[in-house]
Amino acid sequence: MADKPRSAVADYLVYFVVRIVVCVLQALPFSSACACARFLAWLAYRIDKRHRLVAQENLATAFPGKYSDAEIDRIVRGVYRHFCTVLIEIAHMQRKLHVYNWKQIGRLVNGDQLIDAMLSGRPLLIVTGHYGNWEMAGFIIGLAGFRTHAIARPLDNPYVDDYLRSFRERTGQRLLAKHGDFDKMQQILDGGGVIATLADQDAGQRGLFVDFFGRPASTHKAVALMAMEQRVPMIVVGAPKLAGKYEINSADVILPEDYDKSPDAMKAITQRFTTDLEQLVRLAPEQYFWLHRRWKHQPQPKRKKKAA
């Protein structure tokens, strides 16, 4: 059955509402906007029962026996509060953050590792997850004068997609479509460019299953495959907010040549960056997007061969 055609009028009305909301948030003082974020988080927690239950289930799976039901509920409330605040920070980022004051808001952890990788002359894959404020990390890297590209799925609403694309690209990044821009990705890497990607989404039954918080998690193969085929180093980065500042944490550098003799290099690399992301999440669990069904798909049991 063919998809129902989208209504250009409805899409434009949604776009108009988004522009109004962003303008209002930008007009408010930052402290007042953050107060709005706390209210929105409270409201979303109350009415979004489906995702709230997903987050509670995910946390119980990731930390078996560590947290009581009350503590899990507190973390879930923190997840809503964190990501509503991130939206406010993104709306204010271009006006509030600049090259002279970014150290008041963020700091580099293992910064030499990141800078060395960016200046090595080799192409680079920055691997991160839905954790902390990954947009802030990209913005700060852009303020440092580095040009990066980020892989993202285009939104269905073309007006909102164009607006958010232009908004995000003012931070120094260029966006690449998750599906359809593979040739561009190859050209960027061939030219020694930098591509950032989120690598913590469920990849369906055909994904590569690796351990994440002690349970198999379907993970996209493309990141490790690109690193191996294009001989591209990877750096795992997280951006949690700790002690009042965002830490742009360069957790690990993964070199594809280290896996040339591995019997399953693609799985080994995927497991390594997934473990790195897990260690980052453990620093601030309330800043991870537990609302996503990360363990939605599980390995299917192998069928037994029929006896002759």
# chains A, B, ... in the order shown; residues from 1 in each chain; ligands from 1
>>> residues_around(residues="A:Gly180", least_positions_apart="4", cutoff="12 Å", atoms="only C-alpha atoms", output="JSON, numbers by chain")
{"A": [151, 152, 153, 154, 176, 184, 185, 186]}
>>> residues_around(residues="A:Gln300", least_positions_apart="6", cutoff="12 Å", atoms="only C-alpha atoms", output="PyMOL selection string")
chain A and resi 204-207+209+216+218
>>> residues_around(residues="A:Tyr80", least_positions_apart="6", cutoff="12 Å", atoms="only C-alpha atoms", output="VMD selection string")
chain A and resid 37 to 48 51 to 52 55 73 to 74 86 to 87 286 to 291
>>> select_by_dssp(residues="stretch 34-115 of chain A", states="helix (DSSP H, G or I)", output="PyMOL selection string")
chain A and resi 34-47+49-62+69-96+102-105+111-115
>>> closest_atom_pairs(of="stretch 203-263 of chain A", to="stretch 116-128 of chain A", cutoff="12 Å", atoms="only C-alpha atoms", output="JSON lines")
{"residue": "A:Ala222", "atom": "CA", "partner": "A:Leu125", "partner_atom": "CA", "distance": 11.5}
{"residue": "A:Val223", "atom": "CA", "partner": "A:Leu125", "partner_atom": "CA", "distance": 8.2}
{"residue": "A:Ala224", "atom": "CA", "partner": "A:Leu125", "partner_atom": "CA", "distance": 9.7}
{"residue": "A:Leu225", "atom": "CA", "partner": "A:Leu125", "partner_atom": "CA", "distance": 11.6}
{"residue": "A:Met226", "atom": "CA", "partner": "A:Leu125", "partner_atom": "CA", "distance": 8.9}
{"residue": "A:Ala227", "atom": "CA", "partner": "A:Leu125", "partner_atom": "CA", "distance": 7.6}
{"residue": "A:Met228", "atom": "CA", "partner": "A:Leu125", "partner_atom": "CA", "distance": 11.3}
{"residue": "A:Gln230", "atom": "CA", "partner": "A:Pro123", "partner_atom": "CA", "distance": 8.8}
{"residue": "A:Arg231", "atom": "CA", "partner": "A:Pro123", "partner_atom": "CA", "distance": 8.4}
{"residue": "A:Val232", "atom": "CA", "partner": "A:Leu124", "partner_atom": "CA", "distance": 5.7}
{"residue": "A:Pro233", "atom": "CA", "partner": "A:Leu124", "partner_atom": "CA", "distance": 5.4}
{"residue": "A:Met234", "atom": "CA", "partner": "A:Leu125", "partner_atom": "CA", "distance": 4.7}
{"residue": "A:Ile235", "atom": "CA", "partner": "A:Ile126", "partner_atom": "CA", "distance": 5.1}
{"residue": "A:Val236", "atom": "CA", "partner": "A:Val127", "partner_atom": "CA", "distance": 4.7}
{"residue": "A:Val237", "atom": "CA", "partner": "A:Thr128", "partner_atom": "CA", "distance": 5.2}
{"residue": "A:Gly238", "atom": "CA", "partner": "A:Thr128", "partner_atom": "CA", "distance": 5.9}
{"residue": "A:Ala239", "atom": "CA", "partner": "A:Thr128", "partner_atom": "CA", "distance": 8.7}
{"residue": "A:Pro240", "atom": "CA", "partner": "A:Thr128", "partner_atom": "CA", "distance": 11.3}
{"residue": "A:Ile248", "atom": "CA", "partner": "A:Thr128", "partner_atom": "CA", "distance": 10.7}
{"residue": "A:Asn249", "atom": "CA", "partner": "A:Thr128", "partner_atom": "CA", "distance": 10.2}
{"residue": "A:Ser250", "atom": "CA", "partner": "A:Ile126", "partner_atom": "CA", "distance": 9.5}
{"residue": "A:Ala251", "atom": "CA", "partner": "A:Thr128", "partner_atom": "CA", "distance": 10.0}
{"residue": "A:Asp252", "atom": "CA", "partner": "A:Val127", "partner_atom": "CA", "distance": 9.8}
{"residue": "A:Val253", "atom": "CA", "partner": "A:Ala117", "partner_atom": "CA", "distance": 8.3}
{"residue": "A:Ile254", "atom": "CA", "partner": "A:Leu125", "partner_atom": "CA", "distance": 9.6}
{"residue": "A:Leu255", "atom": "CA", "partner": "A:Leu124", "partner_atom": "CA", "distance": 10.0}
{"residue": "A:Pro256", "atom": "CA", "partner": "A:Leu124", "partner_atom": "CA", "distance": 11.1}
>>> write_last_selection(atoms="C-alpha atoms", output="mmCIF file, in the first residue's frame")
data_model
loop_
_atom_site.group_PDB
_atom_site.id
_atom_site.type_symbol
_atom_site.label_atom_id
_atom_site.label_comp_id
_atom_site.auth_asym_id
_atom_site.auth_seq_id
_atom_site.Cartn_x
_atom_site.Cartn_y
_atom_site.Cartn_z
ATOM 1 C CA ALA A 222 28.179 0.615 8.690
ATOM 2 C CA VAL A 223 30.424 2.496 11.150
ATOM 3 C CA ALA A 224 32.936 -0.321 11.599
ATOM 4 C CA LEU A 225 32.639 -1.315 7.933
ATOM 5 C CA MET A 226 33.482 2.214 6.814
ATOM 6 C CA ALA A 227 36.435 2.351 9.195
ATOM 7 C CA MET A 228 37.836 -0.934 7.864
ATOM 8 C CA GLN A 230 38.362 3.282 4.114
ATOM 9 C CA ARG A 231 41.139 2.773 6.717
ATOM 10 C CA VAL A 232 39.639 5.515 8.882
ATOM 11 C CA PRO A 233 40.533 5.965 12.574
ATOM 12 C CA MET A 234 37.646 6.396 14.987
ATOM 13 C CA ILE A 235 37.410 8.523 18.114
ATOM 14 C CA VAL A 236 34.638 7.924 20.637
ATOM 15 C CA VAL A 237 33.305 11.156 22.140
ATOM 16 C CA GLY A 238 30.681 11.934 24.790
ATOM 17 C CA ALA A 239 29.420 15.265 26.092
ATOM 18 C CA PRO A 240 27.877 14.856 29.575
ATOM 19 C CA ILE A 248 33.750 16.988 25.633
ATOM 20 C CA ASN A 249 35.258 13.650 26.571
ATOM 21 C CA SER A 250 37.478 11.867 24.025
ATOM 22 C CA ALA A 251 37.155 8.421 25.515
ATOM 23 C CA ASP A 252 39.028 6.251 23.017
ATOM 24 C CA VAL A 253 40.844 6.202 19.678
ATOM 25 C CA ILE A 254 40.323 3.091 17.550
ATOM 26 C CA LEU A 255 42.746 2.394 14.691
ATOM 27 C CA PRO A 256 41.508 0.011 11.979
#
>>> select_by_dssp(residues="stretch 188-294 of chain A", states="strand (DSSP E)", output="count of residues only")
32
>>> closest_residue(among="A:Leu280, A:Ile115, A:Val22, A:Ala150", to="A:His92", atoms="only C-alpha atoms")
A:Val22
>>> closest_atom_pairs(of="stretch 25-65 of chain A", to="stretch 281-284 of chain A", cutoff="12 Å", atoms="only C-alpha atoms", output="Markdown table")
| residue | atom | partner | partner_atom | distance |
| --- | --- | --- | --- | --- |
| A:Leu59 | CA | A:Arg282 | CA | 11.3 |
| A:Ala62 | CA | A:Arg282 | CA | 9.9 |
| A:Phe63 | CA | A:Arg282 | CA | 9.8 |
>>> closest_residue(among="A:Phe83, A:Phe212, A:Tyr131, A:Trp102", to="A:Ala144", atoms="only C-alpha atoms")
A:Trp102
>>> atom_distance(atom1="atom CA of A:Ala10", atom2="atom CA of A:Asp161")
14.2 Å
>>> closest_residue(among="A:Ala33, A:Leu242, A:Ala268, A:Met93", to="A:Pro285", atoms="only C-alpha atoms")
A:Leu242
>>> atom_distance(atom1="atom CA of A:Ile88", atom2="atom CA of A:Ala177")
24.8 Å
>>> closest_residue(among="A:His82, A:Ala91, A:Ile269, A:Pro5", to="A:Cys23", atoms="only C-alpha atoms")
A:Ala91
>>> atom_distance(atom1="atom CA of A:Val109", atom2="atom CA of A:Phe139")
15.8 Å
>>> residues_around(residues="A:Asn157", least_positions_apart="6", cutoff="12 Å", atoms="only C-alpha atoms", output="MDAnalysis selection string")
chainID A and resid 5:16 18 163:165
